[in-house]
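Listing of entry11.cif; format and content: mmCIF, C-alpha atoms.
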```cif
data_protein
#
loop_
_atom_site.group_PDB
_atom_site.id
_atom_site.type_symbol
_atom_site.label_atom_id
_atom_site.label_comp_id
_atom_site.auth_asym_id
_atom_site.auth_seq_id
_atom_site.Cartn_x
_atom_site.Cartn_y
_atom_site.Cartn_z
ATOM 1 C CA MET U 24 21.641 -7.538 1.100
ATOM 2 C CA ILE U 25 24.113 -8.458 -1.642
ATOM 3 C CA THR U 26 21.139 -9.070 -3.910
ATOM 4 C CA GLU U 27 19.757 -5.613 -3.082
ATOM 5 C CA VAL U 28 23.153 -4.023 -3.798
ATOM 6 C CA ILE U 29 23.276 -5.779 -7.183
ATOM 7 C CA GLN U 30 19.788 -4.526 -7.975
ATOM 8 C CA LEU U 31 20.801 -0.996 -6.957
ATOM 9 C CA ALA U 32 23.813 -1.155 -9.265
ATOM 10 C CA HIS U 33 21.636 -2.455 -12.088
ATOM 11 C CA TYR U 34 18.644 -0.106 -11.755
ATOM 12 C CA ARG U 35 20.486 2.892 -10.263
ATOM 13 C CA MET U 36 17.941 5.615 -9.375
ATOM 14 C CA ARG U 37 15.002 3.524 -10.570
ATOM 15 C CA TYR U 38 15.695 1.237 -7.631
ATOM 16 C CA PHE U 39 14.223 3.838 -5.240
ATOM 17 C CA THR U 40 10.990 4.167 -7.232
ATOM 18 C CA ASN U 41 9.973 0.562 -6.499
ATOM 19 C CA ILE U 42 8.123 0.217 -3.193
ATOM 20 C CA TYR U 43 8.927 -3.495 -2.991
ATOM 21 C CA ASN U 44 12.635 -2.734 -2.586
ATOM 22 C CA TYR U 45 11.963 -0.819 0.624
ATOM 23 C CA PHE U 46 10.147 -3.807 2.122
ATOM 24 C CA ASP U 47 12.980 -6.080 0.966
ATOM 25 C CA CYS U 48 15.567 -3.991 2.816
ATOM 26 C CA LEU U 49 13.490 -3.422 5.954
ATOM 27 C CA SER U 50 12.583 -7.105 6.244
ATOM 28 C CA ILE U 51 16.323 -7.881 6.303
ATOM 29 C CA ILE U 52 17.738 -5.034 8.397
ATOM 30 C CA LEU U 53 15.192 -4.851 11.236
ATOM 31 C CA PRO U 54 15.117 -8.611 12.091
ATOM 32 C CA THR U 55 18.922 -8.704 11.903
ATOM 33 C CA VAL U 56 19.225 -5.796 14.348
ATOM 34 C CA VAL U 57 16.661 -7.325 16.723
ATOM 35 C CA MET U 58 18.338 -10.734 16.657
ATOM 36 C CA THR U 59 21.730 -9.109 17.279
ATOM 37 C CA ILE U 60 20.358 -7.362 20.376
ATOM 38 C CA MET U 61 18.797 -10.622 21.588
ATOM 39 C CA LEU U 62 22.029 -12.584 21.154
ATOM 40 C CA THR U 63 23.896 -10.184 23.450
ATOM 41 C CA HIS U 64 21.884 -11.736 26.318
ATOM 42 C CA PHE U 65 22.438 -15.317 25.181
ATOM 43 C CA GLN U 66 24.600 -17.636 27.300
ATOM 44 C CA PHE U 67 25.885 -21.033 26.159
ATOM 45 C CA SER U 68 25.272 -22.443 29.624
ATOM 46 C CA ASP U 69 21.566 -21.699 30.029
ATOM 47 C CA GLY U 70 20.547 -19.888 26.849
ATOM 48 C CA PHE U 71 18.287 -16.992 27.831
ATOM 49 C CA GLY U 72 17.765 -18.322 31.358
ATOM 50 C CA SER U 73 19.795 -15.481 32.880
ATOM 51 C CA VAL U 74 17.356 -12.876 31.523
ATOM 52 C CA LYS U 75 15.239 -11.642 34.417
ATOM 53 C CA VAL U 76 13.387 -8.691 32.873
ATOM 54 C CA VAL U 77 11.906 -8.593 29.384
ATOM 55 C CA GLU U 78 12.580 -5.247 27.695
ATOM 56 C CA ARG U 79 9.518 -3.611 26.223
ATOM 57 C CA GLY U 80 11.490 -2.070 23.366
ATOM 58 C CA LEU U 81 12.816 -5.478 22.357
ATOM 59 C CA VAL U 82 9.307 -6.938 22.327
ATOM 60 C CA VAL U 83 8.190 -4.066 20.090
ATOM 61 C CA GLY U 84 11.131 -4.738 17.768
ATOM 62 C CA ILE U 85 10.261 -8.445 17.563
ATOM 63 C CA THR U 86 6.628 -7.561 16.861
ATOM 64 C CA PHE U 87 7.449 -5.238 13.965
ATOM 65 C CA SER U 88 9.988 -7.730 12.620
ATOM 66 C CA ILE U 89 7.317 -10.429 12.475
ATOM 67 C CA PHE U 90 4.933 -7.987 10.794
ATOM 68 C CA LEU U 91 7.507 -7.015 8.127
ATOM 69 C CA LEU U 92 8.388 -10.660 7.458
ATOM 70 C CA TRP U 93 4.718 -11.477 6.893
ATOM 71 C CA ILE U 94 4.360 -8.492 4.557
ATOM 72 C CA GLU U 95 7.457 -9.646 2.669
ATOM 73 C CA PHE U 96 6.012 -13.154 2.377
ATOM 74 C CA ILE U 97 2.706 -11.791 1.056
ATOM 75 C CA LEU U 98 4.528 -9.619 -1.484
ATOM 76 C CA TYR U 99 6.428 -12.680 -2.724
ATOM 77 C CA LEU U 100 3.051 -14.143 -3.676
ATOM 78 C CA ARG U 101 2.943 -11.723 -6.597
ATOM 79 C CA LEU U 102 4.883 -14.400 -8.460
ATOM 80 C CA ILE U 103 1.568 -16.279 -8.588
ATOM 81 C CA SER U 104 -0.852 -14.688 -11.022
ATOM 82 C CA TYR U 105 -4.143 -15.205 -9.202
ATOM 83 C CA MET U 106 -2.612 -13.929 -5.941
ATOM 84 C CA SER U 107 -0.603 -11.029 -7.346
ATOM 85 C CA ILE U 108 -3.607 -9.406 -8.957
ATOM 86 C CA TYR U 109 -5.009 -8.501 -5.519
ATOM 87 C CA ILE U 110 -1.668 -7.114 -4.383
ATOM 88 C CA TYR U 111 -1.667 -4.785 -7.391
ATOM 89 C CA TYR U 112 -5.271 -3.851 -6.624
ATOM 90 C CA ILE U 113 -4.254 -2.606 -3.176
ATOM 91 C CA ILE U 114 -1.217 -0.681 -4.461
ATOM 92 C CA ILE U 115 -3.175 0.980 -7.281
ATOM 93 C CA ILE U 116 -6.040 1.931 -4.963
ATOM 94 C CA ILE U 117 -3.636 3.408 -2.375
ATOM 95 C CA LYS U 118 -1.909 5.485 -5.066
ATOM 96 C CA ASN U 119 -5.232 6.855 -6.291
ATOM 97 C CA VAL U 120 -6.779 7.629 -2.894
ATOM 98 C CA PHE U 121 -3.579 9.002 -1.336
ATOM 99 C CA PRO U 122 -4.399 12.665 -2.199
ATOM 100 C CA PHE U 123 -7.832 12.250 -0.617
ATOM 101 C CA ILE U 124 -6.306 10.632 2.488
ATOM 102 C CA LEU U 125 -3.830 13.519 2.724
ATOM 103 C CA PHE U 126 -6.701 16.002 2.460
ATOM 104 C CA MET U 127 -8.594 14.121 5.185
ATOM 105 C CA ILE U 128 -5.532 14.156 7.461
ATOM 106 C CA LEU U 129 -5.216 17.924 7.031
ATOM 107 C CA LEU U 130 -8.851 18.383 8.074
ATOM 108 C CA ILE U 131 -8.297 16.150 11.106
ATOM 109 C CA ILE U 132 -5.248 18.210 12.088
ATOM 110 C CA ALA U 133 -7.267 21.415 11.654
ATOM 111 C CA PHE U 134 -10.091 20.283 13.969
ATOM 112 C CA ALA U 135 -7.654 18.710 16.448
ATOM 113 C CA HIS U 136 -5.643 21.930 16.662
ATOM 114 C CA THR U 137 -8.825 23.972 17.075
ATOM 115 C CA MET U 138 -10.127 21.844 19.950
ATOM 116 C CA LEU U 139 -6.654 21.731 21.511
ATOM 117 C CA VAL U 140 -6.521 25.530 21.728
ATOM 118 C CA LEU U 141 -10.057 25.670 23.101
ATOM 119 C CA LEU U 142 -9.632 22.963 25.776
ATOM 120 C CA LYS U 143 -5.963 23.448 26.659
ATOM 121 C CA ASN U 144 -7.023 25.706 29.541
ATOM 122 C CA PRO U 145 -10.191 23.991 30.809
ATOM 123 C CA GLU U 146 -10.418 26.141 33.938
ATOM 124 C CA ILE U 147 -12.080 28.908 31.895
ATOM 125 C CA ILE U 148 -14.912 26.543 30.884
ATOM 126 C CA LYS U 149 -17.644 25.273 33.140
ATOM 127 C CA ILE U 150 -17.658 21.503 33.711
ATOM 128 C CA ASN U 151 -20.840 19.489 34.020
ATOM 129 C CA ASP U 152 -20.513 17.451 37.199
ATOM 130 C CA ASN U 153 -21.939 13.975 36.693
ATOM 131 C CA THR U 154 -23.440 12.634 39.915
ATOM 132 C CA PHE U 155 -24.980 9.244 40.538
ATOM 133 C CA SER U 156 -27.280 8.493 43.464
ATOM 134 C CA GLY U 157 -28.473 5.199 44.880
ATOM 135 C CA ASN U 158 -29.036 3.071 47.936
ATOM 136 C CA ALA U 159 -26.696 0.636 49.674
ATOM 137 C CA ILE U 160 -27.493 -1.952 52.371
ATOM 138 C CA SER U 161 -24.972 -3.181 54.902
ATOM 139 C CA THR U 162 -24.691 -6.976 54.892
ATOM 140 C CA THR U 163 -23.926 -7.107 58.625
ATOM 141 C CA THR U 164 -26.448 -4.670 60.120
ATOM 142 C CA ASN U 165 -28.963 -4.474 57.239
ATOM 143 C CA GLU U 166 -28.699 -0.717 57.523
ATOM 144 C CA ARG U 167 -29.697 1.268 54.413
ATOM 145 C CA PHE U 168 -27.543 4.154 53.179
ATOM 146 C CA ASN U 169 -28.277 6.878 50.625
ATOM 147 C CA ILE U 170 -25.168 7.353 48.471
ATOM 148 C CA ASP U 171 -24.329 10.146 46.021
ATOM 149 C CA ILE U 172 -21.335 9.482 43.731
ATOM 150 C CA LYS U 173 -19.572 12.248 41.815
ATOM 151 C CA SER U 174 -17.337 11.469 38.847
ATOM 152 C CA ASP U 175 -13.674 12.251 39.379
ATOM 153 C CA PHE U 176 -13.039 14.206 36.165
ATOM 154 C CA ASP U 177 -9.571 15.669 35.657
ATOM 155 C CA PRO U 178 -9.506 18.076 32.687
ATOM 156 C CA ARG U 179 -5.688 17.920 32.578
ATOM 157 C CA ASN U 180 -5.618 14.135 32.213
ATOM 158 C CA THR U 181 -5.634 12.876 28.630
ATOM 159 C CA ASN U 182 -7.779 9.891 29.646
ATOM 160 C CA ASP U 183 -10.548 12.279 30.691
ATOM 161 C CA ASN U 184 -9.790 15.146 28.305
ATOM 162 C CA PRO U 185 -8.117 13.776 25.129
ATOM 163 C CA PHE U 186 -7.907 17.299 23.701
ATOM 164 C CA TYR U 187 -5.368 18.338 26.309
ATOM 165 C CA GLU U 188 -2.458 17.100 24.120
ATOM 166 C CA PHE U 189 -2.023 17.256 20.365
ATOM 167 C CA LEU U 190 -1.538 13.547 19.557
ATOM 168 C CA THR U 191 -4.485 12.410 21.658
ATOM 169 C CA SER U 192 -6.492 15.275 20.191
ATOM 170 C CA MET U 193 -5.845 13.957 16.654
ATOM 171 C CA LYS U 194 -6.790 10.438 17.712
ATOM 172 C CA ALA U 195 -10.034 11.603 19.322
ATOM 173 C CA THR U 196 -10.907 13.681 16.246
ATOM 174 C CA TYR U 197 -10.313 10.762 13.876
ATOM 175 C CA LEU U 198 -12.331 8.312 15.999
ATOM 176 C CA GLY U 199 -15.116 10.831 16.547
ATOM 177 C CA ASN U 200 -14.677 10.743 20.323
ATOM 178 C CA TRP U 201 -16.588 13.939 21.122
ATOM 179 C CA ILE U 202 -16.817 13.449 24.895
ATOM 180 C CA GLN U 203 -16.123 17.143 25.417
ATOM 181 C CA SER U 204 -19.678 18.012 24.378
ATOM 182 C CA ASP U 205 -21.036 15.972 27.313
ATOM 183 C CA VAL U 206 -18.558 17.188 29.927
ATOM 184 C CA PHE U 207 -17.896 20.850 29.121
ATOM 185 C CA ASP U 208 -20.724 23.373 29.225
ATOM 186 C CA PHE U 209 -19.775 25.837 26.467
ATOM 187 C CA TRP U 210 -21.622 26.674 23.236
ATOM 188 C CA ALA U 211 -18.410 26.997 21.149
ATOM 189 C CA ILE U 212 -17.547 23.360 21.863
ATOM 190 C CA ASP U 213 -20.984 22.223 20.701
ATOM 191 C CA VAL U 214 -20.718 24.225 17.458
ATOM 192 C CA LEU U 215 -17.231 22.941 16.605
ATOM 193 C CA SER U 216 -18.192 19.344 17.456
ATOM 194 C CA LEU U 217 -21.218 19.573 15.163
ATOM 195 C CA ILE U 218 -19.167 20.987 12.270
ATOM 196 C CA ALA U 219 -16.496 18.306 12.699
ATOM 197 C CA SER U 220 -19.103 15.525 12.773
ATOM 198 C CA ILE U 221 -20.706 16.784 9.556
ATOM 199 C CA PHE U 222 -17.448 17.122 7.647
ATOM 200 C CA LEU U 223 -15.446 14.145 8.952
ATOM 201 C CA ILE U 224 -18.177 11.562 9.477
ATOM 202 C CA THR U 225 -21.015 12.423 7.093
ATOM 203 C CA ILE U 226 -19.318 14.040 4.094
ATOM 204 C CA LEU U 227 -15.755 12.708 3.928
ATOM 205 C CA GLN U 228 -16.541 9.098 4.774
ATOM 206 C CA ASN U 229 -19.264 8.906 2.125
ATOM 207 C CA MET U 230 -16.947 10.585 -0.389
ATOM 208 C CA PHE U 231 -14.278 8.023 0.429
ATOM 209 C CA ILE U 232 -16.671 5.105 -0.143
ATOM 210 C CA THR U 233 -17.798 6.571 -3.490
ATOM 211 C CA LEU U 234 -14.207 7.172 -4.559
ATOM 212 C CA MET U 235 -13.179 3.629 -3.653
ATOM 213 C CA SER U 236 -15.983 2.073 -5.704
ATOM 214 C CA GLY U 237 -14.943 4.014 -8.813
ATOM 215 C CA ILE U 238 -11.233 3.307 -8.417
ATOM 216 C CA TYR U 239 -11.765 -0.443 -7.991
ATOM 217 C CA GLU U 240 -13.005 -0.741 -11.573
ATOM 218 C CA GLN U 241 -9.855 0.995 -12.823
ATOM 219 C CA ALA U 242 -7.663 -1.163 -10.613
ATOM 220 C CA ALA U 243 -9.014 -4.325 -12.262
ATOM 221 C CA THR U 244 -7.590 -3.246 -15.619
ATOM 222 C CA LYS U 245 -4.400 -1.646 -14.338
ATOM 223 C CA GLY U 246 -3.730 -4.619 -12.059
ATOM 224 C CA ARG U 247 -3.536 -7.017 -15.005
ATOM 225 C CA GLN U 248 -1.238 -4.586 -16.830
ATOM 226 C CA ALA U 249 1.002 -4.329 -13.759
ATOM 227 C CA LEU U 250 1.177 -8.124 -13.556
ATOM 228 C CA LEU U 251 2.246 -8.430 -17.207
ATOM 229 C CA ARG U 252 4.795 -5.627 -16.753
ATOM 230 C CA TYR U 253 6.234 -7.345 -13.690
ATOM 231 C CA ARG U 254 6.599 -10.626 -15.590
ATOM 232 C CA ALA U 255 8.254 -8.839 -18.503
ATOM 233 C CA ASN U 256 10.710 -7.153 -16.126
ATOM 234 C CA GLN U 257 11.515 -10.504 -14.522
ATOM 235 C CA ILE U 258 12.312 -11.998 -17.927
ATOM 236 C CA ALA U 259 14.407 -8.966 -18.906
ATOM 237 C CA ASP U 260 16.354 -9.095 -15.629
ATOM 238 C CA TYR U 261 17.027 -12.791 -16.091
ATOM 239 C CA GLU U 262 18.265 -12.252 -19.627
ATOM 240 C CA ALA U 263 20.590 -9.479 -18.414
ATOM 241 C CA LEU U 264 22.285 -11.728 -15.843
ATOM 242 C CA HIS U 265 25.714 -13.207 -16.433
ATOM 243 C CA HIS U 266 24.955 -16.901 -16.153
ATOM 244 C CA ILE U 267 27.609 -19.310 -14.985
ATOM 245 C CA HIS U 268 27.298 -22.798 -16.476
ATOM 246 C CA LEU U 269 29.176 -25.807 -15.164
ATOM 247 C CA ARG U 270 28.826 -27.607 -18.476
ATOM 248 C CA PRO U 271 28.257 -26.448 -22.050
ATOM 249 C CA HIS U 272 24.630 -25.612 -22.517
ATOM 250 C CA GLU U 273 22.471 -25.695 -25.579
ATOM 251 C CA PRO U 274 22.302 -22.370 -27.415
ATOM 252 C CA ASP U 275 19.092 -20.408 -27.555
ATOM 253 C CA PRO U 276 16.782 -21.444 -30.404
ATOM 254 C CA LYS U 277 17.130 -19.493 -33.628
ATOM 255 C CA TYR U 278 13.387 -19.466 -34.226
ATOM 256 C CA ILE U 279 10.391 -19.509 -31.923
ATOM 257 C CA TYR U 280 7.343 -21.276 -33.286
ATOM 258 C CA TYR U 281 3.827 -20.712 -32.063
ATOM 259 C CA ILE U 282 0.998 -23.106 -32.870
ATOM 260 C CA GLY U 283 -2.369 -21.513 -32.261
ATOM 261 C CA ARG U 284 -5.796 -23.046 -32.209
ATOM 262 C CA SER U 285 -7.664 -22.517 -35.446
ATOM 263 C CA LYS U 286 -10.931 -22.077 -33.548
ATOM 264 C CA ASN U 287 -9.517 -19.100 -31.653
ATOM 265 C CA PHE U 288 -8.245 -17.525 -34.857
ATOM 266 C CA GLU U 289 -11.605 -17.985 -36.584
ATOM 267 C CA GLU U 290 -13.424 -16.355 -33.669
ATOM 268 C CA TRP U 291 -10.993 -13.445 -33.712
ATOM 269 C CA GLN U 292 -11.352 -13.076 -37.482
ATOM 270 C CA GLU U 293 -15.144 -12.999 -37.227
ATOM 271 C CA SER U 294 -15.028 -10.391 -34.470
ATOM 272 C CA ARG U 295 -12.738 -8.169 -36.579
ATOM 273 C CA LYS U 296 -14.745 -8.499 -39.771
ATOM 274 C CA ASP U 297 -16.735 -5.277 -39.338
ATOM 275 C CA GLN U 298 -13.882 -3.311 -37.801
ATOM 276 C CA ASP U 299 -10.895 -1.510 -39.222
ATOM 277 C CA THR U 300 -7.510 -3.141 -39.054
ATOM 278 C CA ILE U 301 -5.515 -2.216 -35.981
ATOM 279 C CA TYR U 302 -2.671 -0.811 -38.080
ATOM 280 C CA LYS U 303 -4.802 1.229 -40.496
ATOM 281 C CA GLY U 304 -4.034 4.505 -38.751
ATOM 282 C CA PHE U 305 -0.298 4.015 -39.315
ATOM 283 C CA GLU U 306 -0.383 3.468 -43.092
ATOM 284 C CA ASN U 307 -0.115 7.117 -44.078
ATOM 285 C CA LYS U 308 2.296 7.869 -41.310
ATOM 286 C CA PHE U 309 4.959 5.458 -42.512
ATOM 287 C CA LYS U 310 4.295 5.761 -46.264
ATOM 288 C CA THR U 311 7.610 7.519 -46.860
ATOM 289 C CA ASN U 312 9.588 4.810 -45.022
ATOM 290 C CA ASN U 313 9.427 2.040 -47.619
ATOM 291 C CA LEU U 314 11.346 -1.124 -46.897
ATOM 292 C CA ARG U 315 14.296 -1.658 -49.203
ATOM 293 C CA LYS U 316 16.537 -4.639 -49.656
ATOM 294 C CA PHE U 317 20.230 -4.192 -48.944
ATOM 295 C CA VAL U 318 22.756 -5.736 -51.281
ATOM 296 C CA ASP U 319 24.772 -7.402 -48.516
ATOM 297 C CA ASP U 320 21.754 -8.604 -46.552
ATOM 298 C CA LYS U 321 22.242 -12.373 -47.037
ATOM 299 C CA PHE U 322 20.280 -13.477 -43.969
ATOM 300 C CA LEU U 323 17.177 -11.409 -44.607
ATOM 301 C CA ILE U 324 13.931 -13.161 -43.709
ATOM 302 C CA TRP U 325 11.689 -10.843 -45.744
ATOM 303 C CA LYS U 326 11.200 -11.653 -49.420
ATOM 304 C CA TYR U 327 10.932 -8.869 -51.964
ATOM 305 C CA ASP U 328 10.036 -8.651 -55.613
ATOM 306 C CA ASP U 329 12.388 -7.039 -58.088
ATOM 307 C CA ASP U 330 9.959 -4.179 -58.619
ATOM 308 C CA SER U 331 11.788 -0.961 -57.734
ATOM 309 C CA LYS U 332 8.568 0.560 -56.429
ATOM 310 C CA MET U 333 8.464 -1.836 -53.492
#
```

Let me see the file written as structure tokens.
Amino acid sequence: MITEVIQLAHYRMRYFTNIYNYFDCLSIILPTVVMTIMLTHFQFSDGFGSVKVVERGLVVGITFSIFLLWIEFILYLRLISYMSIYIYYIIIIIKNVFPFILFMILLIIAFAHTMLVLLKNPEIIKINDNTFSGNAISTTTNERFNIDIKSDFDPRNTNDNPFYEFLTSMKATYLGNWIQSDVFDFWAIDVLSLIASIFLITILQNMFITLMSGIYEQAATKGRQALLRYRANQIADYEALHHIHLRPHEPDPKYIYYIGRSKNFEEWQESRKDQDTIYKGFENKFKTNNLRKFVDDKFLIWKYDDDSKM
């Protein structure tokens, strides 16, 4: 948490624009709270032996803590290049498809609300009674019985009628659980179920697949850019730190030398032979800003001629 506070002081408002910081904080706070609650039941004599009943809320807290810790571990893998590229793929794809997902959620809410209003009072709608008939034989007397079984359907129970409450209505709409068309005998239910199936299952799902295929190609390019940007930010953050050294350290090098492979340069030069130089478009733009040598510039690397036109 001290590290997160230091980052907040360093980045200020930009700290809240990074989604990784939220996972960093949650993966610390939630497990700490859960462990604190668990330790209230701990005894030095028998550990957790005195606990007789396991609380369901505590189990849920432990479950989400484990999930957040795994997510945090996976996000730490973005330090490795060939692993981080897929993490950036997922983030870029989610950012691009989020408006479509929001639009899809609004349609689900619309159909769920419509069916909720229609089936909230099921006594005004006729119910198709499902009956099953068969034969049964007594094992003691070998007597045969004709049995008719009628389904025990309760329209006010969310297990039988998921459109009786709003949350279960949304879940049934998203999963395409249109059991109401088989149970209720009403033409309006059949029409609305057909419209919802066409929009949610046929149209939107195919649109989502098409959108994902197009975004994945963009994510391949943007993912590599995000990886390079993340590495650059890591280097910049490290350079901005106040380092404490126990012994005098060697100063940073004055010059950085790069030795390239001549074969790579020759291939690049051949590929650029029929193309314009990358800086050609800037020549006219900076024509008025000629470089000039200052009198007191004793450490200047550039070399100039005495020609005043330079």

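Considering all atoms listed in the file, the residue among U:Phe134, U:Tyr281, U:Phe189, U:Tyr99 positioned nearest to U:Leu217 is U:Phe134.
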
Given the PyMOL selection byres ((chain U and resi 140-150) around 6) and the file above, list the residues it selects as a compact mmCIF listing (two decimals) with C-alpha atoms, keeping the file's coordinate frame.
```txt
# COMPACT_ATOMS: atom_id res chain seq x y z
CA THR U 137 -8.82 23.97 17.08
CA MET U 138 -10.13 21.84 19.95
CA LEU U 139 -6.65 21.73 21.51
CA ASN U 151 -20.84 19.49 34.02
CA TYR U 187 -5.37 18.34 26.31
CA VAL U 206 -18.56 17.19 29.93
CA PHE U 207 -17.90 20.85 29.12
CA ASP U 208 -20.72 23.37 29.22
```

**Between atom CA of U:Thr59 and atom CA of U:Leu81, distance in Å (one decimal)** = 10.9 Å

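The coordinates place atom CA of U:Ser50 at 5.6 Å from atom CA of U:Leu92.
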
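The gap separating atom CA of U:Ser88 from atom CA of U:Ser73 is 23.8 Å, in Å to one decimal.
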
Could you list, as a compact mmCIF listing (two decimals) with C-alpha atoms, keeping the file's coordinate frame, every residue within 12 Å of U:Leu49, counting only C-alpha atoms and ignoring same-chain residues fewer than 3 positions away?
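As a result, selection.txt now contains:
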```txt
# COMPACT_ATOMS: atom_id res chain seq x y z
CA MET U 24 21.64 -7.54 1.10
CA GLU U 27 19.76 -5.61 -3.08
CA ILE U 42 8.12 0.22 -3.19
CA TYR U 43 8.93 -3.50 -2.99
CA ASN U 44 12.64 -2.73 -2.59
CA TYR U 45 11.96 -0.82 0.62
CA PHE U 46 10.15 -3.81 2.12
CA ILE U 52 17.74 -5.03 8.40
CA LEU U 53 15.19 -4.85 11.24
CA PRO U 54 15.12 -8.61 12.09
CA THR U 55 18.92 -8.70 11.90
CA VAL U 56 19.23 -5.80 14.35
CA VAL U 57 16.66 -7.32 16.72
CA PHE U 87 7.45 -5.24 13.96
CA SER U 88 9.99 -7.73 12.62
CA ILE U 89 7.32 -10.43 12.48
CA PHE U 90 4.93 -7.99 10.79
CA LEU U 91 7.51 -7.02 8.13
CA LEU U 92 8.39 -10.66 7.46
CA TRP U 93 4.72 -11.48 6.89
CA ILE U 94 4.36 -8.49 4.56
CA GLU U 95 7.46 -9.65 2.67
```

**Request:** Please identify all polymer residues within 10 Å of U:Ala133, counting all atoms listed in the file, omitting same-chain residues fewer than 5 positions from it, and present them as a list in words.
**Result:** Met127, Ile128, Met138, Leu139, Met193, Thr196 and Ala219 of chain U

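Using all atoms listed in the file, the smallest distance between any of U:Ile25, U:Leu269, U:Leu215, U:Leu31 and U:Ile51 comes from U:Ile25.
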
**Complete:** U:Arg252 proximity check over U:Asn184, U:Met36, U:Tyr111, U:His265, using only C-alpha atoms: winner is U:Tyr111

Selected by the PyMOL selection byres ((chain U and resi 168) around 6) in the shown coordinates: which residues, as a CSV table (one decimal) with C-alpha atoms, in the coordinates of the input?
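Dumped everything to expr37.csv:
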```csv
chain,number,residue,atom,x,y,z
U,158,ASN,CA,-29.0,3.1,47.9
U,159,ALA,CA,-26.7,0.6,49.7
U,167,ARG,CA,-29.7,1.3,54.4
U,169,ASN,CA,-28.3,6.9,50.6
```
